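K.L.:
You'll find coords-v7.txt just under this line, and it carries compact mmCIF, C-alpha atoms.
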```txt
# COMPACT_ATOMS: atom_id res chain seq x y z
CA MET A 87 98.45 100.79 95.88
CA ARG A 88 100.49 103.89 95.25
CA LEU A 89 103.64 104.95 93.51
CA THR A 90 105.79 107.42 95.43
CA THR A 91 105.32 111.13 94.76
CA PHE A 92 108.94 111.01 93.62
CA SER A 93 108.04 108.66 90.75
CA ASP A 94 104.95 110.70 89.91
CA TYR A 95 106.97 113.94 89.68
CA THR A 96 109.77 112.21 87.80
CA LEU A 97 107.38 111.16 85.06
CA ARG A 98 105.93 114.69 84.91
CA VAL A 99 109.37 116.30 84.58
CA LEU A 100 110.36 113.91 81.79
CA MET A 101 107.04 114.43 79.98
CA TYR A 102 107.44 118.19 80.10
CA ALA A 103 111.12 118.14 79.11
CA GLY A 104 110.30 115.82 76.22
CA SER A 105 107.29 117.82 75.10
CA VAL A 106 109.16 121.11 74.73
CA GLY A 107 111.85 119.53 72.54
CA ASP A 108 115.35 120.96 72.67
CA ARG A 109 114.39 124.09 74.57
CA LEU A 110 116.07 124.37 77.97
CA ILE A 111 113.60 124.44 80.85
CA THR A 112 114.11 125.32 84.51
CA ILE A 113 112.88 123.97 87.80
CA ASP A 114 110.87 127.18 88.35
CA GLU A 115 109.15 126.84 84.98
CA THR A 116 108.36 123.18 85.58
CA ALA A 117 107.05 123.90 89.09
CA ARG A 118 104.76 126.62 87.67
CA THR A 119 103.62 124.38 84.82
CA TYR A 120 102.43 121.67 87.17
CA ASN A 121 101.73 123.94 90.15
CA ILE A 122 103.84 121.72 92.40
CA SER A 123 106.56 122.30 94.97
CA ARG A 124 109.90 123.64 93.70
CA ALA A 125 111.72 121.84 96.53
CA HIS A 126 110.36 118.44 95.53
CA LEU A 127 111.19 119.08 91.89
CA MET A 128 114.77 120.08 92.67
CA LYS A 129 115.44 116.67 94.18
CA VAL A 130 113.79 114.95 91.22
CA VAL A 131 115.77 116.95 88.64
CA ASN A 132 119.04 116.34 90.51
CA THR A 133 118.38 112.62 90.62
CA LEU A 134 117.43 112.47 86.93
CA THR A 135 120.55 114.44 86.01
CA ARG A 136 122.79 112.12 88.03
CA ALA A 137 121.06 109.10 86.48
CA GLY A 138 121.76 110.47 82.98
CA TYR A 139 118.15 111.15 81.94
CA LEU A 140 118.55 114.94 81.98
CA GLU A 141 121.48 117.16 81.09
CA GLY A 142 122.00 120.50 82.75
CA VAL A 143 123.36 123.65 81.11
CA ARG A 144 124.86 126.22 83.49
CA GLY A 145 124.66 129.99 83.20
CA ARG A 146 122.08 132.78 83.19
CA SER A 147 120.01 131.25 80.41
CA GLY A 148 120.81 127.75 81.56
CA GLY A 149 118.43 124.98 82.49
CA PHE A 150 117.97 121.33 81.66
CA ARG A 151 116.71 119.13 78.86
CA LEU A 152 116.51 115.43 78.03
CA ALA A 153 119.90 113.78 77.64
CA HIS A 154 118.48 111.20 75.20
CA PRO A 155 115.73 111.05 72.58
CA PRO A 156 112.33 110.27 74.20
CA ALA A 157 112.12 106.94 72.36
CA LYS A 158 115.29 105.85 74.19
CA ILE A 159 113.85 106.54 77.64
CA ASN A 160 112.06 103.40 78.77
CA LEU A 161 109.32 103.86 81.37
CA GLY A 162 110.06 100.60 83.16
CA ALA A 163 113.70 101.60 83.54
CA VAL A 164 112.68 105.01 84.89
CA VAL A 165 110.36 103.53 87.51
CA ARG A 166 112.99 100.97 88.57
CA GLU A 167 115.29 103.96 89.13
CA THR A 168 112.86 106.16 91.05
CA GLU A 169 110.63 103.70 92.89
CA LEU A 170 113.34 102.63 95.31
CA ASP A 171 110.81 101.00 97.56
CA PHE A 172 108.55 98.39 95.97
CA ALA A 173 107.48 97.48 99.51
CA LEU A 174 104.11 96.00 98.68
CA VAL A 175 103.91 94.23 102.05
CA GLU A 176 105.90 94.21 105.29
CA CYS A 177 108.20 91.33 104.34
CA PHE A 178 109.44 93.34 101.35
CA THR A 179 111.13 95.73 103.78
CA ALA A 180 114.17 95.55 106.02
CA ASP A 181 111.83 96.29 108.94
CA ASN A 182 110.06 92.96 108.48
CA HIS A 183 108.70 91.35 111.64
CA CYS A 184 106.14 88.99 110.10
CA LEU A 185 106.53 85.68 111.89
CA ILE A 186 105.64 83.45 108.94
CA SER A 187 108.12 85.06 106.52
CA ARG A 188 110.25 81.95 106.23
CA PHE A 189 107.39 79.81 104.96
CA CYS A 190 104.95 82.26 103.44
CA ARG A 191 104.00 81.80 99.79
CA LEU A 192 102.56 85.28 99.31
CA PRO A 193 105.88 86.97 98.34
CA ASN A 194 106.22 84.74 95.27
CA VAL A 195 102.75 85.71 94.06
CA LEU A 196 103.28 89.41 94.77
CA ASN A 197 106.68 89.43 93.08
CA GLU A 198 105.10 87.85 90.01
CA ALA A 199 102.35 90.52 90.01
CA LEU A 200 104.92 93.29 90.52
CA ASN A 201 106.95 92.03 87.58
CA ALA A 202 103.83 91.99 85.41
CA PHE A 203 103.31 95.64 86.38
CA ILE A 204 106.88 96.62 85.49
CA ALA A 205 106.89 94.51 82.32
CA THR A 206 103.94 96.58 81.07
CA LEU A 207 105.91 99.78 81.62
CA ASP A 208 108.87 98.19 79.84
CA ARG A 209 106.80 98.18 76.65
CA TYR A 210 106.51 101.99 76.64
CA THR A 211 108.96 104.84 76.25
CA LEU A 212 108.72 108.55 76.99
CA ALA A 213 107.88 109.04 73.29
CA ASP A 214 104.49 107.42 73.99
CA LEU A 215 103.69 110.11 76.56
CA LEU A 216 104.66 113.31 74.76
CA LEU A 217 102.17 116.13 74.37
CA SER A 218 102.28 119.35 72.40
CA GLU A 219 103.74 122.28 74.30
CA ARG A 220 100.32 123.96 73.97
CA ASP A 221 98.71 121.21 76.08
CA PHE A 222 100.64 122.56 79.06
CA ASP A 223 99.15 126.07 78.72
CA LEU A 224 96.03 125.52 80.79
CA LEU A 225 94.53 128.16 82.99
CA SER A 226 92.81 126.17 85.71
CA PRO A 227 93.07 122.76 87.31
CA PRO A 228 90.63 120.11 86.11
CA ARG A 229 88.08 120.10 88.90
CA GLY A 230 86.97 116.62 89.81
CA LEU A 231 88.66 114.98 86.83
CA VAL A 232 89.85 111.52 87.79
CA ARG A 233 91.77 109.47 85.22
CA GLY A 234 92.06 106.18 87.09
CA PRO A 235 92.29 103.64 88.53
CA LEU A 236 90.29 101.68 85.97
CA VAL A 237 90.66 98.15 87.19
CA ASP A 238 89.00 95.34 85.23
CA GLY A 239 86.27 93.83 87.37
CA LEU A 240 86.09 96.89 89.60
CA LYS A 241 83.46 99.60 89.35
CA ALA A 242 85.12 102.46 87.43
CA SER A 243 85.99 105.37 89.70
CA ASN A 244 86.10 107.80 86.78
CA SER A 245 83.52 110.53 87.07
CA MET B 145 104.85 101.04 95.38
CA ARG B 146 102.92 99.75 98.36
CA LEU B 147 99.73 97.94 99.16
CA THR B 148 97.80 99.30 102.14
CA THR B 149 98.39 97.73 105.54
CA PHE B 150 94.72 96.80 105.35
CA SER B 151 95.36 94.56 102.33
CA ASP B 152 98.48 93.12 103.93
CA TYR B 153 96.60 92.20 107.13
CA THR B 154 93.62 90.91 105.14
CA LEU B 155 95.81 88.42 103.34
CA ARG B 156 97.40 87.34 106.63
CA VAL B 157 94.03 86.77 108.30
CA LEU B 158 92.78 84.69 105.37
CA MET B 159 96.02 82.68 105.26
CA TYR B 160 95.79 81.89 108.96
CA ALA B 161 92.06 81.08 108.87
CA GLY B 162 92.64 78.83 105.85
CA SER B 163 95.67 77.13 107.36
CA VAL B 164 93.91 76.03 110.57
CA GLY B 165 91.05 74.42 108.66
CA ASP B 166 87.62 74.33 110.27
CA ARG B 167 88.83 75.37 113.71
CA LEU B 168 87.35 78.66 114.90
CA ILE B 169 89.97 81.34 115.52
CA THR B 170 89.70 84.68 117.32
CA ILE B 171 91.04 88.15 116.73
CA ASP B 172 93.22 87.81 119.85
CA GLU B 173 94.74 84.57 118.62
CA THR B 174 95.39 86.01 115.15
CA ALA B 175 96.92 89.17 116.64
CA ARG B 176 99.26 87.05 118.80
CA THR B 177 100.13 84.77 115.89
CA TYR B 178 101.34 87.67 113.75
CA ASN B 179 102.29 89.97 116.64
CA ILE B 180 100.21 92.78 115.16
CA SER B 181 97.67 95.25 116.49
CA ARG B 182 94.34 93.82 117.65
CA ALA B 183 92.56 97.06 116.72
CA HIS B 184 93.74 96.88 113.10
CA LEU B 185 92.73 93.24 112.89
CA MET B 186 89.25 93.89 114.24
CA LYS B 187 88.51 96.23 111.34
CA VAL B 188 89.93 93.71 108.87
CA VAL B 189 87.89 90.81 110.29
CA ASN B 190 84.70 92.90 110.33
CA THR B 191 85.21 93.90 106.71
CA LEU B 192 85.96 90.32 105.63
CA THR B 193 82.87 89.09 107.46
CA ARG B 194 80.64 91.70 105.85
CA ALA B 195 82.16 90.87 102.45
CA GLY B 196 81.34 87.19 102.97
CA TYR B 197 84.91 85.84 103.16
CA LEU B 198 84.67 84.96 106.87
CA GLU B 199 81.80 83.69 108.96
CA GLY B 200 81.52 84.48 112.64
CA VAL B 201 80.22 82.19 115.36
CA ARG B 202 78.97 83.93 118.51
CA GLY B 203 79.33 82.71 122.08
CA ARG B 204 82.02 81.94 124.63
CA SER B 205 83.85 79.50 122.39
CA GLY B 206 82.98 81.51 119.28
CA GLY B 207 85.28 82.99 116.70
CA PHE B 208 85.50 83.06 112.94
CA ARG B 209 86.52 80.83 110.06
CA LEU B 210 86.52 80.93 106.28
CA ALA B 211 83.05 81.11 104.76
CA HIS B 212 84.20 79.30 101.60
CA PRO B 213 86.82 76.69 100.68
CA PRO B 214 90.25 78.34 100.12
CA ALA B 215 90.21 77.34 96.44
CA LYS B 216 87.10 79.50 95.99
CA ILE B 217 88.76 82.63 97.42
CA ASN B 218 90.46 84.42 94.55
CA LEU B 219 93.36 86.71 95.48
CA GLY B 220 92.57 89.28 92.77
CA ALA B 221 89.01 89.56 94.04
CA VAL B 222 90.25 89.98 97.62
CA VAL B 223 92.63 92.78 96.69
CA ARG B 224 89.96 94.55 94.61
CA GLU B 225 87.83 94.45 97.77
CA THR B 226 90.45 95.68 100.24
CA GLU B 227 92.66 97.98 98.19
CA LEU B 228 90.06 100.69 97.90
CA ASP B 229 92.65 103.15 96.71
CA PHE B 230 94.69 102.15 93.65
CA ALA B 231 95.92 105.75 93.57
CA LEU B 232 99.17 105.16 91.74
CA VAL B 233 99.48 108.85 90.83
CA GLU B 234 97.67 112.08 91.69
CA CYS B 235 95.19 111.97 88.80
CA PHE B 236 93.88 108.62 90.11
CA THR B 237 92.44 110.47 93.12
CA ALA B 238 89.52 112.82 93.65
CA ASP B 239 92.05 115.36 94.94
CA ASN B 240 93.65 115.66 91.50
CA HIS B 241 95.13 119.05 90.64
CA CYS B 242 97.48 118.04 87.82
CA LEU B 243 97.04 120.60 85.07
CA ILE B 244 97.67 118.25 82.15
CA SER B 245 95.14 115.62 83.26
CA ARG B 246 92.86 116.20 80.29
CA PHE B 247 95.55 115.36 77.74
CA CYS B 248 98.00 113.17 79.62
CA ARG B 249 98.72 109.71 78.24
CA LEU B 250 100.28 108.33 81.41
CA PRO B 251 96.99 107.12 83.00
CA ASN B 252 96.38 104.71 80.12
CA VAL B 253 99.82 103.15 80.57
CA LEU B 254 99.48 102.96 84.36
CA ASN B 255 95.99 101.47 84.16
CA GLU B 256 97.34 98.81 81.80
CA ALA B 257 100.19 98.04 84.24
CA LEU B 258 97.77 97.98 87.18
CA ASN B 259 95.54 95.51 85.37
CA ALA B 260 98.53 93.29 84.63
CA PHE B 261 99.26 93.31 88.38
CA ILE B 262 95.68 92.37 89.31
CA ALA B 263 95.41 89.81 86.50
CA THR B 264 98.38 87.97 88.04
CA LEU B 265 96.59 87.82 91.39
CA ASP B 266 93.46 86.60 89.58
CA ARG B 267 95.37 83.43 88.69
CA TYR B 268 95.81 82.46 92.35
CA THR B 269 93.48 81.50 95.17
CA LEU B 270 93.94 81.29 98.91
CA ALA B 271 94.58 77.56 98.45
CA ASP B 272 97.92 78.50 96.86
CA LEU B 273 98.99 80.29 100.05
CA LEU B 274 98.06 77.78 102.77
CA LEU B 275 100.66 76.62 105.25
CA SER B 276 100.57 73.93 107.89
CA GLU B 277 99.36 75.10 111.28
CA ARG B 278 102.82 74.24 112.64
CA ASP B 279 104.42 76.88 110.41
CA PHE B 280 102.71 79.52 112.53
CA ASP B 281 104.31 78.27 115.76
CA LEU B 282 107.50 80.27 115.59
CA LEU B 283 109.24 81.69 118.60
CA SER B 284 111.04 84.72 117.25
CA PRO B 285 110.74 87.13 114.36
CA PRO B 286 112.95 86.51 111.33
CA ARG B 287 115.69 89.09 111.88
CA GLY B 288 116.69 90.78 108.65
CA LEU B 289 114.75 88.39 106.43
CA VAL B 290 113.46 90.21 103.36
CA ARG B 291 111.33 88.31 100.86
CA GLY B 292 110.99 90.94 98.14
CA PRO B 293 110.73 92.95 96.03
CA LEU B 294 112.47 90.88 93.41
CA VAL B 295 112.03 92.93 90.28
CA ASP B 296 113.48 91.65 87.01
CA GLY B 297 116.26 93.97 85.92
CA LEU B 298 116.70 95.38 89.41
CA LYS B 299 119.40 94.35 91.84
CA ALA B 300 117.78 91.86 94.25
CA SER B 301 117.17 93.34 97.66
CA ASN B 302 116.99 89.92 99.29
CA SER B 303 119.65 89.36 101.88
```
What would you get if you wrote out this structure as structure tokens?
P.N.:
Amino acid sequence: MRLTTFSDYTLRVLMYAGSVGDRLITIDETARTYNISRAHLMKVVNTLTRAGYLEGVRGRSGGFRLAHPPAKINLGAVVRETELDFALVECFTADNHCLISRFCRLPNVLNEALNAFIATLDRYTLADLLLSERDFDLLSPPRGLVRGPLVDGLKASNS
Amino acid sequence: MRLTTFSDYTLRVLMYAGSVGDRLITIDETARTYNISRAHLMKVVNTLTRAGYLEGVRGRSGGFRLAHPPAKINLGAVVRETELDFALVECFTADNHCLISRFCRLPNVLNEALNAFIATLDRYTLADLLLSERDFDLLSPPRGLVRGPLVDGLKASNS
């Protein structure tokens, strides 16, 4: 089970923008901070600007920042916006060919589980994810550090 | 957000095996029933047999069937078994390079959401998904039928 890279990067951009406060940041700076592709980030920042989460300031010392206080940016709402495709199984897509789709009871169960997932995110805002700006000043990637998944009843994959 | 095809096919195999009762079924029959790849199904059936969900019967009229009553096959347990990779974001994988992994608060939120997803599946068993054998006797795929996702607060994609 995976979120799209688009959602992953969206959350990173918002966390960084929120963590630096009112300071304008740029796509280049954000790409360097996370050591990720500038091209991917450009699409993410454009989408977040159009959706009203970020506001851009033009000019030589321009950049972008949050358009709202972090406590007003709900994580469930963000993921609904970015995770266009909650295609857990084939019959959740327009390219569905599963022959038992008309009768199958699985979609009801999966939709209930999906809504439990999103409802959890609905209880958090960007304010719950903010770090100090200093936390972003790391020199090397965290070799072998895995933060999840930690599924109840499943052997922890954390090492 | 997607489950793996492996989980999708696993659930289909179990639903079909459960819906035909004690009758032995084969990989060929299951592949025809769902119009999906025999090669994919073989791996699924082997895994489910090794994991004790299916039991195989050798010989010319052999095949496989459920190894337990459907009410004893919990959907959360099945998905924990098949969805080896709950890699919602990069730091849930061994190939994690995200520089803020040590401090980031997002994994806690995502693990909580993931557990809410699985906990929903834990409330259902295969018995909740069984159909009549007749429901599998369809002649054509359901053109354009989409069964999900139906996320609260998101425009329904059902058509």
K.L.:
Where does chain B end up after superposition onto chain A over all in-order Cα pairs? Give it as a PDB file with C-alpha atoms, in the coordinates of the input.
P.N.:
```
ATOM      1  CA  MET B 145      98.468 100.767  95.876  1.00  0.00           C
ATOM      2  CA  ARG B 146     100.504 103.884  95.241  1.00  0.00           C
ATOM      3  CA  LEU B 147     103.653 104.962  93.505  1.00  0.00           C
ATOM      4  CA  THR B 148     105.803 107.432  95.437  1.00  0.00           C
ATOM      5  CA  THR B 149     105.338 111.135  94.772  1.00  0.00           C
ATOM      6  CA  PHE B 150     108.948 111.018  93.623  1.00  0.00           C
ATOM      7  CA  SER B 151     108.045 108.668  90.757  1.00  0.00           C
ATOM      8  CA  ASP B 152     104.960 110.707  89.922  1.00  0.00           C
ATOM      9  CA  TYR B 153     106.975 113.949  89.701  1.00  0.00           C
ATOM     10  CA  THR B 154     109.781 112.206  87.805  1.00  0.00           C
ATOM     11  CA  LEU B 155     107.389 111.168  85.079  1.00  0.00           C
ATOM     12  CA  ARG B 156     105.940 114.688  84.917  1.00  0.00           C
ATOM     13  CA  VAL B 157     109.371 116.298  84.583  1.00  0.00           C
ATOM     14  CA  LEU B 158     110.365 113.913  81.790  1.00  0.00           C
ATOM     15  CA  MET B 159     107.041 114.440  79.995  1.00  0.00           C
ATOM     16  CA  TYR B 160     107.443 118.207  80.112  1.00  0.00           C
ATOM     17  CA  ALA B 161     111.124 118.155  79.100  1.00  0.00           C
ATOM     18  CA  GLY B 162     110.280 115.805  76.221  1.00  0.00           C
ATOM     19  CA  SER B 163     107.269 117.816  75.107  1.00  0.00           C
ATOM     20  CA  VAL B 164     109.157 121.117  74.722  1.00  0.00           C
ATOM     21  CA  GLY B 165     111.834 119.536  72.542  1.00  0.00           C
ATOM     22  CA  ASP B 166     115.342 120.967  72.655  1.00  0.00           C
ATOM     23  CA  ARG B 167     114.371 124.098  74.562  1.00  0.00           C
ATOM     24  CA  LEU B 168     116.055 124.381  77.955  1.00  0.00           C
ATOM     25  CA  ILE B 169     113.592 124.441  80.846  1.00  0.00           C
ATOM     26  CA  THR B 170     114.105 125.356  84.502  1.00  0.00           C
ATOM     27  CA  ILE B 171     112.884 123.995  87.795  1.00  0.00           C
ATOM     28  CA  ASP B 172     110.869 127.196  88.341  1.00  0.00           C
ATOM     29  CA  GLU B 173     109.145 126.863  84.989  1.00  0.00           C
ATOM     30  CA  THR B 174     108.365 123.178  85.580  1.00  0.00           C
ATOM     31  CA  ALA B 175     107.057 123.916  89.086  1.00  0.00           C
ATOM     32  CA  ARG B 176     104.753 126.629  87.684  1.00  0.00           C
ATOM     33  CA  THR B 177     103.625 124.406  84.819  1.00  0.00           C
ATOM     34  CA  TYR B 178     102.422 121.677  87.177  1.00  0.00           C
ATOM     35  CA  ASN B 179     101.735 123.955  90.157  1.00  0.00           C
ATOM     36  CA  ILE B 180     103.848 121.743  92.406  1.00  0.00           C
ATOM     37  CA  SER B 181     106.562 122.317  94.980  1.00  0.00           C
ATOM     38  CA  ARG B 182     109.887 123.644  93.692  1.00  0.00           C
ATOM     39  CA  ALA B 183     111.749 121.873  96.507  1.00  0.00           C
ATOM     40  CA  HIS B 184     110.362 118.462  95.522  1.00  0.00           C
ATOM     41  CA  LEU B 185     111.202 119.105  91.889  1.00  0.00           C
ATOM     42  CA  MET B 186     114.777 120.101  92.654  1.00  0.00           C
ATOM     43  CA  LYS B 187     115.453 116.687  94.177  1.00  0.00           C
ATOM     44  CA  VAL B 188     113.790 114.973  91.217  1.00  0.00           C
ATOM     45  CA  VAL B 189     115.780 116.969  88.639  1.00  0.00           C
ATOM     46  CA  ASN B 190     119.054 116.357  90.497  1.00  0.00           C
ATOM     47  CA  THR B 191     118.386 112.628  90.618  1.00  0.00           C
ATOM     48  CA  LEU B 192     117.424 112.490  86.930  1.00  0.00           C
ATOM     49  CA  THR B 193     120.556 114.428  86.010  1.00  0.00           C
ATOM     50  CA  ARG B 194     122.802 112.133  88.026  1.00  0.00           C
ATOM     51  CA  ALA B 195     121.060 109.109  86.483  1.00  0.00           C
ATOM     52  CA  GLY B 196     121.749 110.477  82.999  1.00  0.00           C
ATOM     53  CA  TYR B 197     118.141 111.147  81.934  1.00  0.00           C
ATOM     54  CA  LEU B 198     118.550 114.945  81.966  1.00  0.00           C
ATOM     55  CA  GLU B 199     121.475 117.155  81.083  1.00  0.00           C
ATOM     56  CA  GLY B 200     121.994 120.514  82.724  1.00  0.00           C
ATOM     57  CA  VAL B 201     123.345 123.652  81.092  1.00  0.00           C
ATOM     58  CA  ARG B 202     124.842 126.223  83.471  1.00  0.00           C
ATOM     59  CA  GLY B 203     124.631 129.995  83.173  1.00  0.00           C
ATOM     60  CA  ARG B 204     122.057 132.771  83.193  1.00  0.00           C
ATOM     61  CA  SER B 205     120.002 131.278  80.389  1.00  0.00           C
ATOM     62  CA  GLY B 206     120.782 127.736  81.535  1.00  0.00           C
ATOM     63  CA  GLY B 207     118.407 124.976  82.471  1.00  0.00           C
ATOM     64  CA  PHE B 208     117.980 121.326  81.641  1.00  0.00           C
ATOM     65  CA  ARG B 209     116.706 119.126  78.840  1.00  0.00           C
ATOM     66  CA  LEU B 210     116.499 115.440  78.022  1.00  0.00           C
ATOM     67  CA  ALA B 211     119.883 113.772  77.637  1.00  0.00           C
ATOM     68  CA  HIS B 212     118.482 111.204  75.182  1.00  0.00           C
ATOM     69  CA  PRO B 213     115.705 111.066  72.576  1.00  0.00           C
ATOM     70  CA  PRO B 214     112.323 110.270  74.228  1.00  0.00           C
ATOM     71  CA  ALA B 215     112.114 106.948  72.366  1.00  0.00           C
ATOM     72  CA  LYS B 216     115.284 105.848  74.178  1.00  0.00           C
ATOM     73  CA  ILE B 217     113.842 106.540  77.648  1.00  0.00           C
ATOM     74  CA  ASN B 218     112.063 103.397  78.781  1.00  0.00           C
ATOM     75  CA  LEU B 219     109.320 103.865  81.384  1.00  0.00           C
ATOM     76  CA  GLY B 220     110.067 100.577  83.174  1.00  0.00           C
ATOM     77  CA  ALA B 221     113.701 101.583  83.557  1.00  0.00           C
ATOM     78  CA  VAL B 222     112.682 105.002  84.898  1.00  0.00           C
ATOM     79  CA  VAL B 223     110.376 103.521  87.517  1.00  0.00           C
ATOM     80  CA  ARG B 224     112.999 100.956  88.581  1.00  0.00           C
ATOM     81  CA  GLU B 225     115.296 103.948  89.131  1.00  0.00           C
ATOM     82  CA  THR B 226     112.874 106.155  91.065  1.00  0.00           C
ATOM     83  CA  GLU B 227     110.653 103.703  92.919  1.00  0.00           C
ATOM     84  CA  LEU B 228     113.347 102.646  95.330  1.00  0.00           C
ATOM     85  CA  ASP B 229     110.802 101.005  97.568  1.00  0.00           C
ATOM     86  CA  PHE B 230     108.553  98.375  95.972  1.00  0.00           C
ATOM     87  CA  ALA B 231     107.476  97.471  99.507  1.00  0.00           C
ATOM     88  CA  LEU B 232     104.107  95.985  98.672  1.00  0.00           C
ATOM     89  CA  VAL B 233     103.905  94.215 102.044  1.00  0.00           C
ATOM     90  CA  GLU B 234     105.897  94.179 105.281  1.00  0.00           C
ATOM     91  CA  CYS B 235     108.205  91.297 104.338  1.00  0.00           C
ATOM     92  CA  PHE B 236     109.441  93.328 101.337  1.00  0.00           C
ATOM     93  CA  THR B 237     111.125  95.728 103.779  1.00  0.00           C
ATOM     94  CA  ALA B 238     114.168  95.539 106.022  1.00  0.00           C
ATOM     95  CA  ASP B 239     111.825  96.279 108.934  1.00  0.00           C
ATOM     96  CA  ASN B 240     110.050  92.943 108.481  1.00  0.00           C
ATOM     97  CA  HIS B 241     108.671  91.346 111.638  1.00  0.00           C
ATOM     98  CA  CYS B 242     106.126  88.964 110.107  1.00  0.00           C
ATOM     99  CA  LEU B 243     106.521  85.655 111.897  1.00  0.00           C
ATOM    100  CA  ILE B 244     105.628  83.429 108.949  1.00  0.00           C
ATOM    101  CA  SER B 245     108.101  85.036 106.530  1.00  0.00           C
ATOM    102  CA  ARG B 246     110.234  81.918 106.247  1.00  0.00           C
ATOM    103  CA  PHE B 247     107.373  79.771 104.965  1.00  0.00           C
ATOM    104  CA  CYS B 248     104.940  82.235 103.433  1.00  0.00           C
ATOM    105  CA  ARG B 249     103.996  81.776  99.788  1.00  0.00           C
ATOM    106  CA  LEU B 250     102.558  85.252  99.304  1.00  0.00           C
ATOM    107  CA  PRO B 251     105.877  86.944  98.335  1.00  0.00           C
ATOM    108  CA  ASN B 252     106.221  84.717  95.270  1.00  0.00           C
ATOM    109  CA  VAL B 253     102.748  85.685  94.058  1.00  0.00           C
ATOM    110  CA  LEU B 254     103.291  89.388  94.772  1.00  0.00           C
ATOM    111  CA  ASN B 255     106.697  89.406  93.088  1.00  0.00           C
ATOM    112  CA  GLU B 256     105.104  87.829  90.014  1.00  0.00           C
ATOM    113  CA  ALA B 257     102.365  90.506  90.016  1.00  0.00           C
ATOM    114  CA  LEU B 258     104.940  93.262  90.536  1.00  0.00           C
ATOM    115  CA  ASN B 259     106.958  92.015  87.582  1.00  0.00           C
ATOM    116  CA  ALA B 260     103.839  91.972  85.418  1.00  0.00           C
ATOM    117  CA  PHE B 261     103.321  95.632  86.385  1.00  0.00           C
ATOM    118  CA  ILE B 262     106.904  96.606  85.502  1.00  0.00           C
ATOM    119  CA  ALA B 263     106.906  94.498  82.327  1.00  0.00           C
ATOM    120  CA  THR B 264     103.951  96.570  81.081  1.00  0.00           C
ATOM    121  CA  LEU B 265     105.917  99.773  81.648  1.00  0.00           C
ATOM    122  CA  ASP B 266     108.886  98.181  79.855  1.00  0.00           C
ATOM    123  CA  ARG B 267     106.795  98.178  76.675  1.00  0.00           C
ATOM    124  CA  TYR B 268     106.519 101.979  76.645  1.00  0.00           C
ATOM    125  CA  THR B 269     108.960 104.844  76.269  1.00  0.00           C
ATOM    126  CA  LEU B 270     108.701 108.538  76.996  1.00  0.00           C
ATOM    127  CA  ALA B 271     107.877 109.033  73.307  1.00  0.00           C
ATOM    128  CA  ASP B 272     104.496 107.409  74.017  1.00  0.00           C
ATOM    129  CA  LEU B 273     103.684 110.108  76.582  1.00  0.00           C
ATOM    130  CA  LEU B 274     104.656 113.316  74.758  1.00  0.00           C
ATOM    131  CA  LEU B 275     102.152 116.115  74.378  1.00  0.00           C
ATOM    132  CA  SER B 276     102.274 119.327  72.406  1.00  0.00           C
ATOM    133  CA  GLU B 277     103.720 122.271  74.294  1.00  0.00           C
ATOM    134  CA  ARG B 278     100.308 123.950  73.981  1.00  0.00           C
ATOM    135  CA  ASP B 279      98.701 121.215  76.087  1.00  0.00           C
ATOM    136  CA  PHE B 280     100.638 122.548  79.063  1.00  0.00           C
ATOM    137  CA  ASP B 281      99.169 126.052  78.722  1.00  0.00           C
ATOM    138  CA  LEU B 282      96.063 125.538  80.794  1.00  0.00           C
ATOM    139  CA  LEU B 283      94.557 128.183  82.995  1.00  0.00           C
ATOM    140  CA  SER B 284      92.816 126.213  85.702  1.00  0.00           C
ATOM    141  CA  PRO B 285      93.057 122.811  87.321  1.00  0.00           C
ATOM    142  CA  PRO B 286      90.656 120.124  86.109  1.00  0.00           C
ATOM    143  CA  ARG B 287      88.064 120.146  88.892  1.00  0.00           C
ATOM    144  CA  GLY B 288      86.959 116.648  89.803  1.00  0.00           C
ATOM    145  CA  LEU B 289      88.667 114.997  86.843  1.00  0.00           C
ATOM    146  CA  VAL B 290      89.861 111.522  87.792  1.00  0.00           C
ATOM    147  CA  ARG B 291      91.764 109.472  85.229  1.00  0.00           C
ATOM    148  CA  GLY B 292      92.064 106.179  87.099  1.00  0.00           C
ATOM    149  CA  PRO B 293      92.292 103.632  88.521  1.00  0.00           C
ATOM    150  CA  LEU B 294      90.321 101.676  85.978  1.00  0.00           C
ATOM    151  CA  VAL B 295      90.673  98.124  87.182  1.00  0.00           C
ATOM    152  CA  ASP B 296      88.988  95.333  85.231  1.00  0.00           C
ATOM    153  CA  GLY B 297      86.254  93.832  87.368  1.00  0.00           C
ATOM    154  CA  LEU B 298      86.071  96.887  89.603  1.00  0.00           C
ATOM    155  CA  LYS B 299      83.469  99.611  89.342  1.00  0.00           C
ATOM    156  CA  ALA B 300      85.113 102.483  87.424  1.00  0.00           C
ATOM    157  CA  SER B 301      85.975 105.397  89.649  1.00  0.00           C
ATOM    158  CA  ASN B 302      86.099 107.805  86.721  1.00  0.00           C
ATOM    159  CA  SER B 303      83.567 110.567  86.952  1.00  0.00           C
TER     160      SER B 303
END
```
K.L.:
Give me, as a PyMOL selection string, all polymer residues having an atom no more than 8 Å from Asn182 in chain A, counting all atoms listed in the file and skipping those fewer than 6 positions away in the same chain.
P.N.:
(chain A and resi 176) or (chain B and resi 286-290)
K.L.:
Which range 195-293 of chain B residues have any atom within 8 Å of an atom of range 149-155 of chain B, and for each, what is the nearest pair of atoms with distance in Å to one decimal, counting only C-alpha atoms, rows sorted by chain and number, as a tab-separated table?
P.N.:
```
residue	atom	partner	partner_atom	distance
B:Val223	CA	B:Ser151	CA	6.5
B:Thr226	CA	B:Ser151	CA	5.5
B:Glu227	CA	B:Ser151	CA	6.0
```
K.L.:
For the residues selected in the previous step, produce a file with C-alpha atoms as a compact mmCIF listing (two decimals), in the frame of the given file.
P.N.:
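The resulting again_38.txt:
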```txt
# COMPACT_ATOMS: atom_id res chain seq x y z
CA VAL B 223 92.63 92.78 96.69
CA THR B 226 90.45 95.68 100.24
CA GLU B 227 92.66 97.98 98.19
```
